[in-house]
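Raw contents of my_file.cif, mmCIF, C-alpha atoms, pLDDT in the B column; chains and numbers go by the auth columns:
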data_query
loop_
_atom_site.group_PDB
_atom_site.id
_atom_site.type_symbol
_atom_site.label_atom_id
_atom_site.label_comp_id
_atom_site.label_asym_id
_atom_site.label_seq_id
_atom_site.Cartn_x
_atom_site.Cartn_y
_atom_site.Cartn_z
_atom_site.B_iso_or_equiv
_atom_site.auth_seq_id
_atom_site.auth_asym_id
ATOM 1 C CA MET A 1 28.862 36.202 -21.391 46.00 1 A
ATOM 2 C CA ARG A 2 31.636 38.563 -22.308 48.00 2 A
ATOM 3 C CA ARG A 3 30.571 42.092 -23.106 47.00 3 A
ATOM 4 C CA LEU A 4 31.465 43.235 -26.594 45.00 4 A
ATOM 5 C CA ARG A 5 32.509 46.825 -27.289 50.00 5 A
ATOM 6 C CA GLY A 6 30.063 49.448 -28.490 49.00 6 A
ATOM 7 C CA GLY A 7 26.873 47.398 -27.992 50.00 7 A
ATOM 8 C CA LEU A 8 27.945 44.748 -30.457 46.00 8 A
ATOM 9 C CA LEU A 9 26.565 42.001 -28.226 44.00 9 A
ATOM 10 C CA ALA A 10 23.016 43.389 -28.431 46.00 10 A
ATOM 11 C CA ALA A 11 23.300 43.793 -32.192 46.00 11 A
ATOM 12 C CA ALA A 12 24.688 40.277 -32.566 46.00 12 A
ATOM 13 C CA LEU A 13 21.845 38.780 -30.511 43.00 13 A
ATOM 14 C CA ALA A 14 19.192 40.711 -32.420 47.00 14 A
ATOM 15 C CA THR A 15 20.660 39.610 -35.728 47.00 15 A
ATOM 16 C CA ALA A 16 20.959 35.988 -34.614 48.00 16 A
ATOM 17 C CA GLY A 17 17.334 35.929 -33.438 48.00 17 A
ATOM 18 C CA ALA A 18 16.091 37.419 -36.688 47.00 18 A
ATOM 19 C CA ALA A 19 18.013 34.838 -38.690 47.00 19 A
ATOM 20 C CA LEU A 20 16.422 31.809 -36.994 45.00 20 A
ATOM 21 C CA PRO A 21 14.044 29.888 -39.228 49.00 21 A
ATOM 22 C CA VAL A 22 10.423 29.704 -38.079 46.00 22 A
ATOM 23 C CA ALA A 23 10.573 25.923 -37.806 48.00 23 A
ATOM 24 C CA ALA A 24 13.208 26.243 -35.078 47.00 24 A
ATOM 25 C CA VAL A 25 10.788 27.984 -32.707 48.00 25 A
ATOM 26 C CA ALA A 26 7.598 26.111 -33.603 50.00 26 A
ATOM 27 C CA GLN A 27 6.044 23.694 -31.083 50.00 27 A
ATOM 28 C CA PRO A 28 6.892 20.025 -31.570 50.00 28 A
ATOM 29 C CA ALA A 29 4.163 17.981 -33.266 54.00 29 A
ATOM 30 C CA ALA A 30 3.872 15.561 -30.322 53.00 30 A
ATOM 31 C CA ALA A 31 2.983 18.158 -27.696 52.00 31 A
ATOM 32 C CA ALA A 32 1.291 16.816 -24.571 53.00 32 A
ATOM 33 C CA ALA A 33 -2.480 17.090 -24.377 53.00 33 A
ATOM 34 C CA PRO A 34 -3.748 19.867 -22.105 53.00 34 A
ATOM 35 C CA ALA A 35 -4.613 18.851 -18.553 51.00 35 A
ATOM 36 C CA ALA A 36 -8.264 18.099 -17.894 52.00 36 A
ATOM 37 C CA ALA A 37 -10.228 20.836 -16.168 42.00 37 A
ATOM 38 C CA PRO A 38 -10.992 20.123 -12.503 44.00 38 A
ATOM 39 C CA ALA A 39 -14.362 18.548 -11.909 46.00 39 A
ATOM 40 C CA ALA A 40 -17.192 20.866 -10.980 42.00 40 A
ATOM 41 C CA PRO A 41 -17.941 20.758 -7.246 49.00 41 A
ATOM 42 C CA THR A 42 -20.727 18.414 -6.260 64.00 42 A
ATOM 43 C CA ASP A 43 -23.718 19.588 -4.250 89.00 43 A
ATOM 44 C CA ARG A 44 -22.064 18.068 -1.162 90.00 44 A
ATOM 45 C CA ALA A 45 -18.823 19.932 -1.824 92.00 45 A
ATOM 46 C CA ALA A 46 -20.754 23.181 -2.200 93.00 46 A
ATOM 47 C CA ALA A 47 -22.657 22.488 1.039 93.00 47 A
ATOM 48 C CA ILE A 48 -19.416 21.753 2.886 94.00 48 A
ATOM 49 C CA GLU A 49 -17.867 25.001 1.634 95.00 49 A
ATOM 50 C CA LEU A 50 -20.967 27.001 2.634 95.00 50 A
ATOM 51 C CA GLY A 51 -20.855 25.297 6.038 95.00 51 A
ATOM 52 C CA ARG A 52 -17.151 26.043 6.433 96.00 52 A
ATOM 53 C CA ARG A 53 -17.678 29.732 5.700 96.00 53 A
ATOM 54 C CA THR A 54 -20.697 29.879 8.010 96.00 54 A
ATOM 55 C CA TYR A 55 -18.784 28.054 10.761 96.00 55 A
ATOM 56 C CA ILE A 56 -15.857 30.468 10.553 96.00 56 A
ATOM 57 C CA GLY A 57 -18.169 33.473 10.730 95.00 57 A
ATOM 58 C CA MET A 58 -20.685 32.275 13.301 94.00 58 A
ATOM 59 C CA CYS A 59 -19.371 29.303 15.285 95.00 59 A
ATOM 60 C CA ALA A 60 -15.582 29.198 15.497 95.00 60 A
ATOM 61 C CA ARG A 61 -15.284 31.822 18.236 93.00 61 A
ATOM 62 C CA CYS A 62 -16.979 29.441 20.677 93.00 62 A
ATOM 63 C CA HIS A 63 -16.505 25.988 19.111 95.00 63 A
ATOM 64 C CA GLY A 64 -12.925 26.560 17.929 93.00 64 A
ATOM 65 C CA ILE A 65 -11.052 26.414 14.650 92.00 65 A
ATOM 66 C CA ASN A 66 -11.742 23.119 12.843 90.00 66 A
ATOM 67 C CA LEU A 67 -14.049 22.132 15.732 92.00 67 A
ATOM 68 C CA VAL A 68 -11.190 22.155 18.261 91.00 68 A
ATOM 69 C CA THR A 69 -12.859 23.948 21.158 89.00 69 A
ATOM 70 C CA GLN A 70 -10.959 25.884 23.797 86.00 70 A
ATOM 71 C CA GLY A 71 -13.581 24.950 26.383 85.00 71 A
ATOM 72 C CA ILE A 72 -16.159 27.634 25.633 88.00 72 A
ATOM 73 C CA GLY A 73 -18.576 25.728 23.362 89.00 73 A
ATOM 74 C CA ALA A 74 -19.403 22.050 23.044 90.00 74 A
ATOM 75 C CA ASP A 75 -16.758 19.869 21.393 92.00 75 A
ATOM 76 C CA LEU A 76 -18.328 19.226 17.992 94.00 76 A
ATOM 77 C CA ARG A 77 -15.751 16.542 17.234 93.00 77 A
ATOM 78 C CA ARG A 78 -17.721 14.368 19.671 92.00 78 A
ATOM 79 C CA PHE A 79 -21.151 15.177 18.232 92.00 79 A
ATOM 80 C CA PRO A 80 -22.869 11.933 17.139 94.00 80 A
ATOM 81 C CA ALA A 81 -23.170 11.333 13.412 94.00 81 A
ATOM 82 C CA ASP A 82 -26.822 10.317 13.872 95.00 82 A
ATOM 83 C CA GLY A 83 -27.725 13.540 15.706 95.00 83 A
ATOM 84 C CA GLN A 84 -28.589 15.785 12.761 96.00 84 A
ATOM 85 C CA GLU A 85 -32.058 16.710 14.041 97.00 85 A
ATOM 86 C CA ARG A 86 -30.718 17.481 17.528 96.00 86 A
ATOM 87 C CA PHE A 87 -27.995 19.607 15.919 96.00 87 A
ATOM 88 C CA ARG A 88 -30.529 21.509 13.788 96.00 88 A
ATOM 89 C CA GLN A 89 -32.736 22.222 16.806 97.00 89 A
ATOM 90 C CA SER A 90 -29.765 23.334 18.909 96.00 90 A
ATOM 91 C CA VAL A 91 -28.595 25.742 16.227 97.00 91 A
ATOM 92 C CA MET A 92 -32.030 27.114 15.386 97.00 92 A
ATOM 93 C CA GLN A 93 -33.501 27.330 18.920 96.00 93 A
ATOM 94 C CA GLY A 94 -30.391 27.465 21.110 95.00 94 A
ATOM 95 C CA VAL A 95 -29.444 25.158 23.939 93.00 95 A
ATOM 96 C CA ARG A 96 -28.103 25.994 27.428 91.00 96 A
ATOM 97 C CA ALA A 97 -25.579 28.853 26.967 90.00 97 A
ATOM 98 C CA MET A 98 -25.709 28.717 23.151 93.00 98 A
ATOM 99 C CA PRO A 99 -27.984 31.364 21.645 94.00 99 A
ATOM 100 C CA ALA A 100 -30.580 30.597 18.975 95.00 100 A
ATOM 101 C CA PHE A 101 -29.509 31.315 15.393 95.00 101 A
ATOM 102 C CA GLY A 102 -32.909 30.625 13.798 93.00 102 A
ATOM 103 C CA SER A 103 -33.320 34.236 12.716 94.00 103 A
ATOM 104 C CA SER A 104 -29.692 34.559 11.565 94.00 104 A
ATOM 105 C CA LEU A 105 -29.056 31.398 9.541 94.00 105 A
ATOM 106 C CA SER A 106 -30.873 29.990 6.534 94.00 106 A
ATOM 107 C CA THR A 107 -31.768 26.322 6.144 92.00 107 A
ATOM 108 C CA PRO A 108 -28.970 25.835 3.550 93.00 108 A
ATOM 109 C CA GLN A 109 -26.479 27.355 6.003 94.00 109 A
ATOM 110 C CA VAL A 110 -27.553 24.981 8.795 95.00 110 A
ATOM 111 C CA GLU A 111 -27.392 22.024 6.404 94.00 111 A
ATOM 112 C CA GLY A 112 -23.985 23.264 5.276 95.00 112 A
ATOM 113 C CA LEU A 113 -22.814 23.424 8.889 96.00 113 A
ATOM 114 C CA TRP A 114 -23.880 19.814 9.354 96.00 114 A
ATOM 115 C CA ALA A 115 -22.049 18.791 6.154 96.00 115 A
ATOM 116 C CA TYR A 116 -18.923 20.690 7.244 96.00 116 A
ATOM 117 C CA ILE A 117 -18.918 19.137 10.725 97.00 117 A
ATOM 118 C CA GLY A 118 -19.380 15.725 9.140 96.00 118 A
ATOM 119 C CA SER A 119 -16.481 16.323 6.745 95.00 119 A
ATOM 120 C CA VAL A 120 -14.155 17.368 9.575 95.00 120 A
ATOM 121 C CA ASN A 121 -15.234 14.373 11.662 94.00 121 A
ATOM 122 C CA GLY A 122 -14.841 11.963 8.750 92.00 122 A
ATOM 123 C CA TRP A 123 -18.489 10.966 8.501 86.00 123 A
ATOM 124 C CA GLY A 124 -19.447 9.554 5.120 75.00 124 A
ATOM 125 C CA PRO A 125 -21.696 11.372 2.635 66.00 125 A
#

Starting from the file, lay out its structure as structure tokens.
Amino acid sequence: MRRLRGGLLAAALATAGAALPVAAVAQPAAAAAPAAAPAAPTDRAAAIELGRRTYIGMCARCHGINLVTQGIGADLRRFPADGQERFRQSVMQGVRAMPAFGSSLSTPQVEGLWAYIGSVNGWGP
């Protein structure tokens, strides 16, 4: 826009805006409906998220980010989907070089870890 002398451009814009009828700035009658709110997380989704946070804090340093081990801990991508009880015992009581986490993790955290590992490995619900 070309600048008018003496601030006339600002005055012209202010006057033009004040002169607009209200109907010109009102919302159209056929406005789109608001988007639906995202669904509340299911119990499984909450367990997976708890497991993910627990895994990052307690497991990832040995078992790797997203279960991709660097050779320190067992490769949890190869853990059998039907081995939940073995997994729980290993976590709670320890196995070989892995320490026991029974006094550090709650039952919901261990169940969340199992749900998280299953979600990364593509196991069904």

Practice item. Using the chain letters and numbers from the file, give me the residues hit by the PyMOL selection byres ((chain A and resi 82-96) around 10), as a list in words. Key: Cys59, Leu76, Phe79, Pro80, Ala81, Ala97, Met98, Pro99, Ala100, Phe101, Gly102, Ser103, Ser104, Leu105, Ser106, Thr107, Val110, Glu111, Leu113, Trp114, Ala115, Gly118 and Trp123 of chain A

Review point. On this structure, which residues satisfy the PyMOL selection byres ((chain A and resi 61-65) around 12), written as a PyMOL selection string?
Key: chain A and resi 52-60+66-79+97-99+117+120

Axis-aligned box for stretch 53-66 of chain A, 3 Å per side, centre and edges in Å as AutoDock Vina command-line options:
--center_x -15.9 --center_y 28.3 --center_z 13.2 --size_x 15.6 --size_y 16.4 --size_z 21.0
